[in-house]
file start.pdb (PDB, C-alpha atoms and all ligand atoms)
ATOM      1  CA  MET A  37     -17.702 -14.735  41.845
ATOM      2  CA  GLU A  38     -17.038 -11.493  40.197
ATOM      3  CA  ASN A  39     -18.573 -10.305  36.993
ATOM      4  CA  LYS A  40     -16.144  -8.262  34.930
ATOM      5  CA  THR A  41     -15.947  -7.240  31.322
ATOM      6  CA  ASN A  42     -12.798  -9.234  30.646
ATOM      7  CA  GLN A  43     -13.438 -12.976  30.549
ATOM      8  CA  GLU A  44      -9.957 -13.778  31.899
ATOM      9  CA  GLU A  45     -10.747 -11.876  35.050
ATOM     10  CA  VAL A  46     -13.661 -14.107  36.024
ATOM     11  CA  SER A  47     -12.579 -16.314  38.880
ATOM     12  CA  ILE A  48     -14.227 -18.680  41.313
ATOM     13  CA  ILE A  49     -12.757 -18.880  44.739
ATOM     14  CA  ASN A  50     -13.764 -21.439  47.293
ATOM     15  CA  VAL A  51     -13.174 -19.120  50.205
ATOM     16  CA  SER A  52     -13.516 -21.912  52.708
ATOM     17  CA  SER A  53     -10.563 -23.973  51.521
ATOM     18  CA  LEU A  54      -8.970 -21.111  49.597
ATOM     19  CA  THR A  55      -8.964 -23.153  46.404
ATOM     20  CA  CYS A  56      -8.926 -20.928  43.380
ATOM     21  CA  ILE A  57     -10.015 -22.361  40.054
ATOM     22  CA  ASP A  58      -7.862 -20.839  37.367
ATOM     23  CA  LEU A  59     -10.144 -19.958  34.503
ATOM     24  CA  ALA A  60      -7.224 -19.066  32.258
ATOM     25  CA  ASN A  61      -6.782 -22.861  31.980
ATOM     26  CA  SER A  62      -7.952 -23.686  28.456
ATOM     27  CA  ASN A  63     -10.215 -26.578  29.536
ATOM     28  CA  LEU A  64     -12.146 -24.277  31.781
ATOM     29  CA  HIS A  65     -12.252 -21.408  29.378
ATOM     30  CA  GLN A  66     -15.461 -22.250  27.588
ATOM     31  CA  SER A  67     -17.319 -23.021  30.809
ATOM     32  CA  ALA A  68     -16.128 -19.712  32.157
ATOM     33  CA  ALA A  69     -17.580 -17.958  29.133
ATOM     34  CA  SER A  70     -21.023 -19.544  29.578
ATOM     35  CA  LEU A  71     -20.881 -18.863  33.291
ATOM     36  CA  LYS A  72     -20.205 -15.222  32.649
ATOM     37  CA  GLN A  73     -23.092 -15.066  30.192
ATOM     38  CA  ALA A  74     -25.432 -16.632  32.744
ATOM     39  CA  CYS A  75     -24.323 -14.089  35.357
ATOM     40  CA  MET A  76     -24.999 -11.184  33.046
ATOM     41  CA  SER A  77     -28.648 -12.102  32.702
ATOM     42  CA  ARG A  78     -28.949 -12.516  36.471
ATOM     43  CA  LEU A  79     -27.548  -9.081  37.068
ATOM     44  CA  TRP A  80     -30.183  -7.516  34.900
ATOM     45  CA  ILE A  81     -32.959  -9.240  36.795
ATOM     46  CA  PHE A  82     -31.520  -8.492  40.205
ATOM     47  CA  LEU A  83     -30.834  -4.830  39.574
ATOM     48  CA  CYS A  84     -34.009  -4.047  37.673
ATOM     49  CA  HIS A  85     -36.513  -6.028  39.692
ATOM     50  CA  LYS A  86     -35.417  -8.170  42.530
ATOM     51  CA  SER A  87     -33.745  -5.750  44.894
ATOM     52  CA  TRP A  88     -36.757  -3.502  44.564
ATOM     53  CA  TYR A  89     -39.224  -6.313  45.314
ATOM     54  CA  ASN A  90     -37.240  -7.515  48.283
ATOM     55  CA  LYS A  91     -37.269  -4.130  50.027
ATOM     56  CA  LYS A  92     -40.818  -3.386  49.000
ATOM     57  CA  PHE A  93     -42.129  -6.620  50.476
ATOM     58  CA  PHE A  94     -40.440  -6.238  53.861
ATOM     59  CA  ALA A  95     -41.592  -2.601  54.069
ATOM     60  CA  LEU A  96     -45.240  -3.762  54.072
ATOM     61  CA  PRO A  97     -47.087  -3.518  57.427
ATOM     62  CA  LEU A  98     -46.707  -6.691  59.523
ATOM     63  CA  GLU A  99     -50.388  -7.593  59.124
ATOM     64  CA  GLU A 100     -49.944  -7.595  55.316
ATOM     65  CA  LYS A 101     -46.860  -9.807  55.548
ATOM     66  CA  MET A 102     -48.666 -12.139  57.962
ATOM     67  CA  LYS A 103     -51.252 -12.754  55.225
ATOM     68  CA  ALA A 104     -48.400 -14.506  53.365
ATOM     69  CA  LEU A 105     -47.371 -16.499  56.487
ATOM     70  CA  ARG A 106     -45.472 -19.690  55.683
ATOM     71  CA  ASN A 107     -47.519 -22.808  55.041
ATOM     72  CA  GLU A 108     -46.865 -26.436  56.047
ATOM     73  CA  LYS A 109     -44.192 -26.636  53.297
ATOM     74  CA  HIS A 110     -42.490 -23.591  54.848
ATOM     75  CA  GLN A 111     -43.327 -21.553  51.773
ATOM     76  CA  GLY A 112     -44.059 -17.932  52.634
ATOM     77  CA  TYR A 113     -43.244 -15.373  55.315
ATOM     78  CA  SER A 114     -41.354 -16.000  58.579
ATOM     79  CA  SER A 115     -41.162 -13.204  61.125
ATOM     80  CA  VAL A 116     -38.184 -12.016  63.199
ATOM     81  CA  LEU A 117     -36.923 -14.587  65.790
ATOM     82  CA  SER A 118     -38.819 -17.487  64.206
ATOM     83  CA  HIS A 119     -35.649 -19.197  62.866
ATOM     84  CA  ILE A 120     -33.393 -20.853  65.394
ATOM     85  CA  SER A 121     -30.321 -22.952  64.526
ATOM     86  CA  ASP A 122     -28.461 -25.495  66.658
ATOM     87  CA  ASN A 123     -26.649 -24.020  69.684
ATOM     88  CA  GLN A 124     -28.569 -20.764  69.492
ATOM     89  CA  ILE A 125     -30.337 -19.256  72.489
ATOM     90  CA  HIS A 126     -32.347 -16.678  70.546
ATOM     91  CA  GLY A 127     -33.904 -16.929  67.114
ATOM     92  CA  ASP A 128     -32.288 -15.089  64.207
ATOM     93  CA  TYR A 129     -32.843 -11.331  63.922
ATOM     94  CA  LYS A 130     -34.172 -11.661  60.406
ATOM     95  CA  GLU A 131     -37.479 -11.917  58.635
ATOM     96  CA  SER A 132     -37.685 -13.886  55.432
ATOM     97  CA  TYR A 133     -39.842 -15.105  52.607
ATOM     98  CA  PHE A 134     -39.159 -18.688  51.504
ATOM     99  CA  ILE A 135     -39.904 -20.007  48.028
ATOM    100  CA  GLY A 136     -39.691 -23.779  47.581
ATOM    101  CA  ILE A 137     -40.054 -25.951  44.525
ATOM    102  CA  GLU A 138     -43.623 -26.955  45.158
ATOM    103  CA  GLY A 139     -46.721 -24.887  45.533
ATOM    104  CA  SER A 140     -47.610 -21.672  43.895
ATOM    105  CA  ILE A 141     -45.901 -18.413  44.733
ATOM    106  CA  ASP A 142     -48.416 -15.958  46.176
ATOM    107  CA  ASP A 143     -48.851 -12.705  44.328
ATOM    108  CA  VAL A 144     -48.031 -10.563  47.377
ATOM    109  CA  LEU A 145     -47.133  -7.538  45.244
ATOM    110  CA  PRO A 146     -48.060  -6.770  41.639
ATOM    111  CA  GLY A 147     -45.725  -8.752  39.367
ATOM    112  CA  TRP A 148     -44.161 -10.573  42.343
ATOM    113  CA  ARG A 149     -44.773 -14.132  41.171
ATOM    114  CA  GLU A 150     -43.532 -13.510  37.638
ATOM    115  CA  THR A 151     -40.348 -11.879  38.925
ATOM    116  CA  MET A 152     -39.641 -14.666  41.426
ATOM    117  CA  GLU A 153     -40.145 -17.330  38.786
ATOM    118  CA  LYS A 154     -37.827 -15.541  36.365
ATOM    119  CA  TYR A 155     -35.187 -15.083  39.047
ATOM    120  CA  HIS A 156     -35.492 -18.772  39.995
ATOM    121  CA  GLN A 157     -34.947 -19.789  36.382
ATOM    122  CA  GLU A 158     -31.951 -17.491  35.803
ATOM    123  CA  ALA A 159     -30.270 -18.295  39.133
ATOM    124  CA  LEU A 160     -30.537 -21.994  38.311
ATOM    125  CA  ARG A 161     -28.872 -21.350  34.961
ATOM    126  CA  VAL A 162     -25.962 -19.677  36.794
ATOM    127  CA  CYS A 163     -25.698 -22.612  39.244
ATOM    128  CA  LYS A 164     -25.656 -25.155  36.432
ATOM    129  CA  ALA A 165     -22.864 -23.195  34.756
ATOM    130  CA  ILE A 166     -20.933 -23.171  38.065
ATOM    131  CA  ALA A 167     -21.505 -26.936  38.400
ATOM    132  CA  ARG A 168     -19.842 -27.463  35.007
ATOM    133  CA  VAL A 169     -16.769 -25.543  36.139
ATOM    134  CA  LEU A 170     -16.707 -27.482  39.423
ATOM    135  CA  ALA A 171     -16.974 -30.777  37.499
ATOM    136  CA  LEU A 172     -13.894 -29.901  35.443
ATOM    137  CA  ALA A 173     -12.036 -28.905  38.600
ATOM    138  CA  LEU A 174     -12.891 -32.321  40.084
ATOM    139  CA  ASN A 175     -11.691 -34.144  36.929
ATOM    140  CA  VAL A 176     -15.062 -35.580  35.969
ATOM    141  CA  ASP A 177     -16.843 -34.841  32.680
ATOM    142  CA  GLU A 178     -18.024 -31.285  32.345
ATOM    143  CA  ASP A 179     -21.671 -32.430  32.190
ATOM    144  CA  TYR A 180     -21.297 -34.863  35.123
ATOM    145  CA  PHE A 181     -23.719 -32.964  37.375
ATOM    146  CA  ASP A 182     -26.243 -32.462  34.552
ATOM    147  CA  LYS A 183     -27.539 -36.058  34.936
ATOM    148  CA  PRO A 184     -31.328 -36.380  35.481
ATOM    149  CA  GLU A 185     -30.898 -37.477  39.120
ATOM    150  CA  MET A 186     -28.507 -34.603  39.777
ATOM    151  CA  LEU A 187     -29.050 -31.091  38.441
ATOM    152  CA  GLY A 188     -31.187 -32.413  35.575
ATOM    153  CA  ASN A 189     -34.074 -32.379  38.094
ATOM    154  CA  PRO A 190     -32.710 -30.285  40.917
ATOM    155  CA  LEU A 191     -34.288 -29.272  44.195
ATOM    156  CA  VAL A 192     -34.007 -25.513  44.458
ATOM    157  CA  PHE A 193     -35.131 -23.197  47.215
ATOM    158  CA  MET A 194     -34.714 -19.489  47.628
ATOM    159  CA  ARG A 195     -35.159 -17.174  50.540
ATOM    160  CA  LEU A 196     -35.562 -13.423  50.532
ATOM    161  CA  ILE A 197     -34.125 -12.073  53.770
ATOM    162  CA  HIS A 198     -34.232  -8.788  55.648
ATOM    163  CA  TYR A 199     -31.897  -8.428  58.642
ATOM    164  CA  GLU A 200     -32.168  -5.848  61.381
ATOM    165  CA  GLY A 201     -30.753  -5.199  64.849
ATOM    166  CA  ILE A 202     -27.313  -5.447  66.378
ATOM    167  CA  SER A 203     -25.823  -8.894  66.957
ATOM    168  CA  ASP A 204     -23.844  -9.949  69.989
ATOM    169  CA  PRO A 205     -22.263 -13.402  69.555
ATOM    170  CA  SER A 206     -21.255 -13.479  73.244
ATOM    171  CA  LYS A 207     -24.983 -13.439  74.088
ATOM    172  CA  GLY A 208     -25.925 -15.772  71.225
ATOM    173  CA  ILE A 209     -27.633 -12.952  69.292
ATOM    174  CA  TYR A 210     -27.165 -13.237  65.525
ATOM    175  CA  GLY A 211     -28.660 -12.013  62.277
ATOM    176  CA  CYS A 212     -28.135 -15.626  61.201
ATOM    177  CA  GLY A 213     -26.471 -18.170  63.495
ATOM    178  CA  PRO A 214     -23.328 -20.117  62.461
ATOM    179  CA  HIS A 215     -24.058 -22.970  60.036
ATOM    180  CA  SER A 216     -23.070 -24.507  56.716
ATOM    181  CA  ASP A 217     -25.670 -25.007  54.005
ATOM    182  CA  PHE A 218     -26.520 -28.668  53.538
ATOM    183  CA  GLY A 219     -27.005 -28.832  49.761
ATOM    184  CA  MET A 220     -24.603 -28.728  46.840
ATOM    185  CA  MET A 221     -24.079 -24.983  46.585
ATOM    186  CA  THR A 222     -25.775 -21.704  47.450
ATOM    187  CA  LEU A 223     -25.768 -18.712  45.178
ATOM    188  CA  LEU A 224     -25.974 -15.705  47.449
ATOM    189  CA  ALA A 225     -26.948 -12.222  46.284
ATOM    190  CA  THR A 226     -26.441  -9.525  48.902
ATOM    191  CA  ASP A 227     -26.596  -5.753  49.072
ATOM    192  CA  ASN A 228     -23.525  -3.705  50.033
ATOM    193  CA  VAL A 229     -23.924  -4.052  53.811
ATOM    194  CA  MET A 230     -20.953  -6.190  54.913
ATOM    195  CA  ASP A 231     -22.405  -8.453  57.634
ATOM    196  CA  LEU A 232     -21.612 -11.953  56.351
ATOM    197  CA  GLN A 233     -18.715 -13.775  57.992
ATOM    198  CA  ILE A 234     -17.044 -17.086  57.151
ATOM    199  CA  CYS A 235     -14.799 -19.380  59.145
ATOM    200  CA  LYS A 236     -12.203 -20.884  56.801
ATOM    201  CA  ASP A 237     -11.178 -23.708  59.135
ATOM    202  CA  LYS A 238     -14.271 -25.105  60.800
ATOM    203  CA  ASP A 239     -12.265 -27.674  62.791
ATOM    204  CA  MET A 240     -10.116 -25.040  64.489
ATOM    205  CA  GLU A 241     -10.953 -23.873  68.028
ATOM    206  CA  PRO A 242     -11.467 -21.073  68.803
ATOM    207  CA  ARG A 243     -13.088 -20.236  65.512
ATOM    208  CA  LYS A 244     -11.672 -17.357  63.508
ATOM    209  CA  TRP A 245     -14.337 -15.339  61.684
ATOM    210  CA  GLU A 246     -13.670 -13.054  58.719
ATOM    211  CA  TYR A 247     -16.002 -10.667  56.922
ATOM    212  CA  VAL A 248     -16.748 -11.422  53.269
ATOM    213  CA  PRO A 249     -16.176  -8.186  51.368
ATOM    214  CA  SER A 250     -19.168  -6.954  49.474
ATOM    215  CA  ILE A 251     -18.295  -6.744  45.762
ATOM    216  CA  LYS A 252     -20.656  -4.755  43.596
ATOM    217  CA  ASP A 253     -22.661  -6.859  41.128
ATOM    218  CA  ALA A 254     -21.083 -10.099  42.386
ATOM    219  CA  TYR A 255     -22.542 -13.310  43.727
ATOM    220  CA  ILE A 256     -21.097 -15.186  46.687
ATOM    221  CA  VAL A 257     -21.034 -18.952  46.123
ATOM    222  CA  ASN A 258     -21.135 -21.089  49.250
ATOM    223  CA  ILE A 259     -20.096 -24.723  48.983
ATOM    224  CA  GLY A 260     -22.608 -26.984  50.781
ATOM    225  CA  ASP A 261     -22.130 -30.159  52.858
ATOM    226  CA  LEU A 262     -23.254 -32.352  50.006
ATOM    227  CA  LEU A 263     -20.480 -31.171  47.681
ATOM    228  CA  GLU A 264     -17.994 -31.753  50.498
ATOM    229  CA  ARG A 265     -19.154 -35.396  50.613
ATOM    230  CA  TRP A 266     -19.224 -35.792  46.847
ATOM    231  CA  SER A 267     -15.672 -34.438  46.576
ATOM    232  CA  ASN A 268     -14.359 -36.439  49.582
ATOM    233  CA  GLY A 269     -13.538 -33.197  51.367
ATOM    234  CA  ILE A 270     -11.603 -31.556  48.501
ATOM    235  CA  PHE A 271     -14.219 -28.813  48.577
ATOM    236  CA  LYS A 272     -15.111 -27.898  52.145
ATOM    237  CA  SER A 273     -18.550 -26.591  52.990
ATOM    238  CA  THR A 274     -18.399 -23.010  54.170
ATOM    239  CA  LEU A 275     -19.239 -22.285  57.792
ATOM    240  CA  HIS A 276     -20.876 -18.861  57.837
ATOM    241  CA  ARG A 277     -22.958 -16.486  59.949
ATOM    242  CA  VAL A 278     -24.452 -13.016  59.721
ATOM    243  CA  LEU A 279     -23.782 -10.333  62.345
ATOM    244  CA  GLY A 280     -26.189  -7.418  62.264
ATOM    245  CA  ASN A 281     -24.632  -3.992  62.772
ATOM    246  CA  GLY A 282     -27.858  -2.017  63.128
ATOM    247  CA  GLN A 283     -28.242  -1.322  59.417
ATOM    248  CA  ASP A 284     -30.988  -2.961  57.379
ATOM    249  CA  ARG A 285     -29.519  -5.673  55.156
ATOM    250  CA  TYR A 286     -31.150  -7.633  52.323
ATOM    251  CA  SER A 287     -29.955 -10.895  50.812
ATOM    252  CA  ILE A 288     -31.243 -13.706  48.605
ATOM    253  CA  PRO A 289     -29.687 -17.149  49.061
ATOM    254  CA  PHE A 290     -30.563 -19.641  46.307
ATOM    255  CA  PHE A 291     -30.003 -23.225  47.513
ATOM    256  CA  VAL A 292     -29.305 -25.998  44.981
ATOM    257  CA  GLU A 293     -29.477 -29.748  45.564
ATOM    258  CA  PRO A 294     -29.733 -32.803  43.317
ATOM    259  CA  SER A 295     -33.041 -34.675  43.037
ATOM    260  CA  HIS A 296     -34.342 -36.940  45.812
ATOM    261  CA  ASP A 297     -33.346 -39.929  43.639
ATOM    262  CA  CYS A 298     -29.661 -39.088  43.690
ATOM    263  CA  LEU A 299     -27.383 -41.497  45.514
ATOM    264  CA  VAL A 300     -24.615 -39.308  46.857
ATOM    265  CA  GLU A 301     -21.308 -41.163  46.755
ATOM    266  CA  CYS A 302     -17.707 -40.050  46.701
ATOM    267  CA  LEU A 303     -16.809 -39.148  43.095
ATOM    268  CA  PRO A 304     -14.546 -41.698  41.380
ATOM    269  CA  THR A 305     -11.877 -39.066  40.785
ATOM    270  CA  CYS A 306     -11.780 -38.006  44.447
ATOM    271  CA  GLN A 307     -10.680 -41.349  45.850
ATOM    272  CA  SER A 308      -7.733 -43.730  45.502
ATOM    273  CA  GLU A 309      -6.220 -46.627  47.363
ATOM    274  CA  ASN A 310      -4.471 -44.186  49.662
ATOM    275  CA  ILE A 311      -7.422 -41.837  49.924
ATOM    276  CA  PRO A 312     -10.554 -43.943  50.472
ATOM    277  CA  PRO A 313     -14.028 -42.360  50.555
ATOM    278  CA  LYS A 314     -14.611 -40.737  53.928
TER     279      LYS A 314
HETATM  280  O1  LIG A 401     -27.848 -13.537  54.262
HETATM  281  C1  LIG A 401     -26.759 -14.063  54.129
HETATM  282  O2  LIG A 401     -25.759 -13.433  53.744
HETATM  283  C2  LIG A 401     -26.589 -15.535  54.450
HETATM  284  C3  LIG A 401     -27.883 -16.309  54.541
HETATM  285  C4  LIG A 401     -27.647 -17.750  54.834
HETATM  286  O3  LIG A 401     -26.562 -18.164  55.135
HETATM  287  C5  LIG A 401     -28.747 -18.742  54.738
HETATM  288  O4  LIG A 401     -29.919 -18.344  54.631
HETATM  289  O5  LIG A 401     -28.443 -19.961  54.751
HETATM  290 FE    FE A 402     -26.391 -20.259  54.863
END

call {"tool": "encode", "arguments": {"input": "start.pdb", "output": "structure tokens"}}
result
Amino acid sequence: MENKTNQEEVSIINVSSLTCIDLANSNLHQSAASLKQACMSRLWIFLCHKSWYNKKFFALPLEEKMKALRNEKHQGYSSVLSHISDNQIHGDYKESYFIGIEGSIDDVLPGWRETMEKYHQEALRVCKAIARVLALALNVDEDYFDKPEMLGNPLVFMRLIHYEGISDPSKGIYGCGPHSDFGMMTLLATDNVMDLQICKDKDMEPRKWEYVPSIKDAYIVNIGDLLERWSNGIFKSTLHRVLGNGQDRYSIPFFVEPSHDCLVECLPTCQSENIPPK
């Protein structure tokens, strides 16, 4: 999602299925305007605070970072090689700091907690604005996903990540192994190191991987498995991976899911007699 000065130029592209939502469509216009506004506030926070905090934290000596080691709720620091996805031989060449919904955020650096909380709040505002655009694209009411059991009481998680090292997929060495995110959507803020790849057709063998260009001041929005189910496969979750190229890379995925009370069923507008719920 690109943030530009001209509202008409804002577009959302589901890179996985190559569906482009046309925001020049009058129904979507107002949502696009509030989405853009939400993005503007995020940019301020990211540029002024967050990117600085991210680098500053990972630059601390290992023993300092280990003081913030993740707890039983996974909140906190995870060192290099401690994350391993399905079908991976080695752990990921990344270190990260995970912030869940529960538990307090440690004050690992001065002002850290306040900044994380503010970022959390603003990123959620952006995601809710995206959800309204997605709702219109799926022909349900604009506020469909705002229900209390959906994004009214969402589950949100964020991870600050630092990648290092050189990946070699033939040896199973990755910055982040191939996967799709399981929630509704992920708002991904990255720096300008182009290491993220997506596979547009996850059912095709062999898989074809493409780099996602790094666009200044833009977010990447990944569709998650849950939205694929909700939409009966109209939106496909994005298979993605990170290949390290030896440069340090920093990113912040922000994962959004509905509340635990949400019954996830195929949306009424995404099924018909000929197209039953999968
Ligand atoms: O760092 C990135 O660009 C992607 C991170 C990611 O896919 C994840 O944490 O689920
Ligand atoms: Fe991911």

call {"tool": "closest_residue", "arguments": {"input": "start.pdb", "among": "A:Met220, A:Ala171, A:Ile125, A:Leu275", "to": "Ser295 of chain A", "atoms": "only C-alpha atoms"}}
result
A:Met220

call {"tool": "closest_atom_pairs", "arguments": {"input": "start.pdb", "of": "chain A", "to": "ligand FE 402 (chain A)", "cutoff": "9 Å", "atoms": "all atoms listed in the file", "output": "tab-separated table"}}
result
residue	atom	partner	partner_atom	distance
A:Cys212	CA	A:FE402	FE	8.0
A:Gly213	CA	A:FE402	FE	8.9
A:Pro214	CA	A:FE402	FE	8.2
A:His215	CA	A:FE402	FE	6.3
A:Ser216	CA	A:FE402	FE	5.7
A:Asp217	CA	A:FE402	FE	4.9
A:Phe218	CA	A:FE402	FE	8.5
A:Thr222	CA	A:FE402	FE	7.6
A:Leu224	CA	A:FE402	FE	8.7
A:Asn258	CA	A:FE402	FE	7.7
A:Gly260	CA	A:FE402	FE	8.7
A:Thr274	CA	A:FE402	FE	8.5
A:Leu275	CA	A:FE402	FE	8.0
A:His276	CA	A:FE402	FE	6.4
A:Arg277	CA	A:FE402	FE	7.2
A:Val278	CA	A:FE402	FE	8.9
A:Pro289	CA	A:FE402	FE	7.4
A:Phe291	CA	A:FE402	FE	8.7

call {"tool": "axis_aligned_box", "arguments": {"input": "start.pdb", "around": "ligand LIG 401 (chain A)", "padding_each_side": "5 Å", "output": "AutoDock Vina command-line options"}}
result
--center_x -27.8 --center_y -16.7 --center_z 54.4 --size_x 14.2 --size_y 16.5 --size_z 11.4

call {"tool": "atom_distance", "arguments": {"input": "start.pdb", "atom1": "atom CA of Gly188 of chain A", "atom2": "atom CA of Ile166 of chain A"}}
result
14.0 Å

call {"tool": "resolve_selection", "arguments": {"input": "start.pdb", "expression": "the PyMOL selection byres (((chain A and resi 230) around 7) and not hetatm)", "output": "NGL selection string"}}
result
:A and (228-229 or 231-232 or 247-250)

call {"tool": "closest_residue", "arguments": {"input": "start.pdb", "among": "A:Leu299, A:Cys235, A:Ile209, A:Ile288", "to": "ligand LIG 401 (chain A)", "atoms": "all atoms listed in the file"}}
result
A:Ile288

call {"tool": "residues_around", "arguments": {"input": "start.pdb", "residues": "Ser132 of chain A", "least_positions_apart": "2", "cutoff": "6 Å", "atoms": "only C-alpha atoms", "output": "PyMOL selection string"}}
result
chain A and resi 113-114+196-197

call {"tool": "atom_distance", "arguments": {"input": "start.pdb", "atom1": "atom CA of Lys164 of chain A", "atom2": "atom CA of Tyr255 of chain A"}}
result
14.3 Å

call {"tool": "resolve_selection", "arguments": {"input": "start.pdb", "expression": "the PyMOL selection byres (((chain A and resi 268) around 7) and not hetatm)", "output": "JSON, numbers by chain"}}
result
{"A": [264, 265, 266, 267, 269, 270, 302, 306, 313, 314]}

call {"tool": "resolve_selection", "arguments": {"input": "start.pdb", "expression": "the PyMOL selection byres (((chain A and resi 88-99) around 12) and not hetatm)", "output": "number ranges by chain"}}
result
A: 81-87, 100-105, 112-116, 130-134, 143-152, 155, 195-200, 225-227, 284-288

call {"tool": "closest_residue", "arguments": {"input": "start.pdb", "among": "A:Gly208, A:Gly280, A:Pro190, A:Pro242", "to": "ligand LIG 401 (chain A)", "atoms": "only C-alpha atoms and all ligand atoms"}}
result
A:Gly280

call {"tool": "atom_distance", "arguments": {"input": "start.pdb", "atom1": "atom CA of Leu279 of chain A", "atom2": "atom CA of Ser203 of chain A"}}
result
5.2 Å

call {"tool": "residues_near_point", "arguments": {"input": "start.pdb", "point": "(-31.4, -2.9, 63.4)", "cutoff": "6 Å", "atoms": "only C-alpha atoms", "output": "list of chain:residue names"}}
result
A:Glu200, A:Gly201, A:Ile202, A:Gly282, A:Gln283

call {"tool": "closest_residue", "arguments": {"input": "start.pdb", "among": "A:Asp239, A:Asp261, A:Asp204, A:Glu309", "to": "Val292 of chain A", "atoms": "all atoms listed in the file"}}
result
A:Asp261

call {"tool": "closest_residue", "arguments": {"input": "start.pdb", "among": "A:Ile256, A:Ile251, A:Val169, A:Leu262", "to": "ligand LIG 401 (chain A)", "atoms": "all atoms listed in the file"}}
result
A:Ile256

call {"tool": "closest_residue", "arguments": {"input": "start.pdb", "among": "A:Val162, A:Glu241, A:His126, A:Asn107", "to": "Val257 of chain A", "atoms": "only C-alpha atoms"}}
result
A:Val162
